[in-house]
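Below is one structure, written out as structure tokens, with a few remarks after it.
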Amino acid sequence: MSMVELPGGGYATDSEALNALAAEAGRRGVSYGHLVASTTERERAEIIRDYCRSMRRKVRWSGK
């Protein structure tokens, strides 16, 4: 998996990327492998960025 640059600097960790893609596969009702096979690198990077953005919002909102 290639490194995904995040808005504001930094990169998604491997763990964040795997969690993002696994969560998206679950939302779509497909397996992780099917999601990876049926999306482009660009689409996967966008899924990962959106996931990291939402997780950072949740952390900021909860005050942690």
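Identifiers in the structure tokens: chain A, B, ... in order shown; residue index from 1 per chain; ligand index from 1 in order shown.
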Original post:
Hey, what does DSSP flag as helix (DSSP H, G or I) within chain A? Can you give it to me as a count of residues only?
Top reply: 44
Original post:
Closest to A:Leu18 among A:Leu6, A:Ile48, A:Ala37, A:Val30, using only C-alpha atoms?
Top reply: A:Ile48
Subject >> Between atom CA of A:Glu5 and atom CA of A:Ala20, distance in Å (one decimal) >> reply: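 Interatomic distance here is 14.1 Å.
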Subject >> Contacts of A:Gly33 at 10 Å (only C-alpha atoms; same-chain gap of 5+ positions) as a list of chain:residue names >> reply: A:Leu21, A:Ala22, A:Ala25, A:Ser38
**OP:** Give me the residues within 12 Å of A:Ala12 as JSON, numbers by chain, counting only C-alpha atoms and dropping any in the same chain fewer than 5 places off.
**Re:** {"A": [1, 2, 3, 4, 5, 6, 7, 17, 18, 19, 20, 45, 46, 47, 48, 49, 50, 51, 52, 53, 55, 56]}
Save out the residues we just selected, N, CA, C and O atoms, as an mmCIF file, in the first residue's frame.
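What landed in part_34.cif:
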```cif
data_model
loop_
_atom_site.group_PDB
_atom_site.id
_atom_site.type_symbol
_atom_site.label_atom_id
_atom_site.label_comp_id
_atom_site.auth_asym_id
_atom_site.auth_seq_id
_atom_site.Cartn_x
_atom_site.Cartn_y
_atom_site.Cartn_z
ATOM 1 N N MET A 1 0.860 -1.170 0.000
ATOM 2 C CA MET A 1 0.000 0.000 0.000
ATOM 3 C C MET A 1 0.903 1.228 0.000
ATOM 4 O O MET A 1 1.856 1.306 0.760
ATOM 5 N N SER A 2 0.586 2.169 -0.865
ATOM 6 C CA SER A 2 1.406 3.377 -0.918
ATOM 7 C C SER A 2 0.996 4.343 0.191
ATOM 8 O O SER A 2 -0.105 4.251 0.732
ATOM 9 N N MET A 3 1.889 5.239 0.506
ATOM 10 C CA MET A 3 1.613 6.220 1.553
ATOM 11 C C MET A 3 0.593 7.230 1.039
ATOM 12 O O MET A 3 0.664 7.669 -0.107
ATOM 13 N N VAL A 4 -0.351 7.589 1.889
ATOM 14 C CA VAL A 4 -1.387 8.551 1.529
ATOM 15 C C VAL A 4 -1.142 9.820 2.314
ATOM 16 O O VAL A 4 -1.180 9.814 3.548
ATOM 17 N N GLU A 5 -0.872 10.899 1.592
ATOM 18 C CA GLU A 5 -0.653 12.191 2.239
ATOM 19 C C GLU A 5 -1.988 12.762 2.678
ATOM 20 O O GLU A 5 -2.983 12.694 1.951
ATOM 21 N N LEU A 6 -1.996 13.321 3.877
ATOM 22 C CA LEU A 6 -3.215 13.886 4.443
ATOM 23 C C LEU A 6 -3.203 15.404 4.329
ATOM 24 O O LEU A 6 -2.138 16.016 4.362
ATOM 25 N N PRO A 7 -4.386 16.006 4.213
ATOM 26 C CA PRO A 7 -4.451 17.465 4.199
ATOM 27 C C PRO A 7 -3.862 18.026 5.488
ATOM 28 O O PRO A 7 -4.058 17.458 6.559
ATOM 29 N N ALA A 17 -4.962 3.210 7.231
ATOM 30 C CA ALA A 17 -5.360 2.859 5.875
ATOM 31 C C ALA A 17 -6.167 1.559 5.863
ATOM 32 O O ALA A 17 -7.222 1.474 5.219
ATOM 33 N N LEU A 18 -5.684 0.550 6.579
ATOM 34 C CA LEU A 18 -6.405 -0.727 6.629
ATOM 35 C C LEU A 18 -7.766 -0.573 7.290
ATOM 36 O O LEU A 18 -8.758 -1.134 6.815
ATOM 37 N N ASN A 19 -7.817 0.176 8.379
ATOM 38 C CA ASN A 19 -9.101 0.416 9.051
ATOM 39 C C ASN A 19 -10.073 1.147 8.133
ATOM 40 O O ASN A 19 -11.261 0.826 8.095
ATOM 41 N N ALA A 20 -9.581 2.143 7.414
ATOM 42 C CA ALA A 20 -10.437 2.918 6.513
ATOM 43 C C ALA A 20 -11.023 2.032 5.420
ATOM 44 O O ALA A 20 -12.231 2.086 5.143
ATOM 45 N N ALA A 45 -7.181 6.173 -1.951
ATOM 46 C CA ALA A 45 -6.556 7.287 -1.221
ATOM 47 C C ALA A 45 -7.625 8.248 -0.700
ATOM 48 O O ALA A 45 -7.532 8.735 0.433
ATOM 49 N N GLU A 46 -8.655 8.485 -1.501
ATOM 50 C CA GLU A 46 -9.733 9.384 -1.063
ATOM 51 C C GLU A 46 -10.515 8.780 0.103
ATOM 52 O O GLU A 46 -10.878 9.481 1.049
ATOM 53 N N ILE A 47 -10.756 7.476 0.063
ATOM 54 C CA ILE A 47 -11.432 6.785 1.176
ATOM 55 C C ILE A 47 -10.609 6.942 2.449
ATOM 56 O O ILE A 47 -11.144 7.249 3.520
ATOM 57 N N ILE A 48 -9.302 6.752 2.330
ATOM 58 C CA ILE A 48 -8.413 6.858 3.490
ATOM 59 C C ILE A 48 -8.390 8.283 4.026
ATOM 60 O O ILE A 48 -8.472 8.507 5.238
ATOM 61 N N ARG A 49 -8.291 9.277 3.140
ATOM 62 C CA ARG A 49 -8.304 10.683 3.583
ATOM 63 C C ARG A 49 -9.606 11.022 4.299
ATOM 64 O O ARG A 49 -9.596 11.670 5.346
ATOM 65 N N ASP A 50 -10.734 10.605 3.732
ATOM 66 C CA ASP A 50 -12.031 10.884 4.365
ATOM 67 C C ASP A 50 -12.123 10.238 5.743
ATOM 68 O O ASP A 50 -12.624 10.848 6.693
ATOM 69 N N TYR A 51 -11.650 9.009 5.855
ATOM 70 C CA TYR A 51 -11.669 8.301 7.135
ATOM 71 C C TYR A 51 -10.819 9.037 8.171
ATOM 72 O O TYR A 51 -11.262 9.274 9.299
ATOM 73 N N CYS A 52 -9.600 9.405 7.781
ATOM 74 C CA CYS A 52 -8.705 10.097 8.720
ATOM 75 C C CYS A 52 -9.285 11.448 9.124
ATOM 76 O O CYS A 52 -9.194 11.845 10.283
ATOM 77 N N ARG A 53 -9.890 12.147 8.188
ATOM 78 C CA ARG A 53 -10.519 13.434 8.482
ATOM 79 C C ARG A 53 -11.634 13.254 9.501
ATOM 80 O O ARG A 53 -11.731 13.998 10.483
ATOM 81 N N MET A 55 -12.035 10.779 11.654
ATOM 82 C CA MET A 55 -11.494 10.350 12.946
ATOM 83 C C MET A 55 -10.871 11.527 13.687
ATOM 84 O O MET A 55 -11.018 11.636 14.904
ATOM 85 N N ARG A 56 -10.201 12.386 12.997
ATOM 86 C CA ARG A 56 -9.595 13.556 13.657
ATOM 87 C C ARG A 56 -10.669 14.497 14.174
ATOM 88 O O ARG A 56 -10.518 15.098 15.225
#
```
Original post:
How many Å separate atom CA of A:Thr13 from atom CA of A:Arg28?
Top reply: 22.7 Å
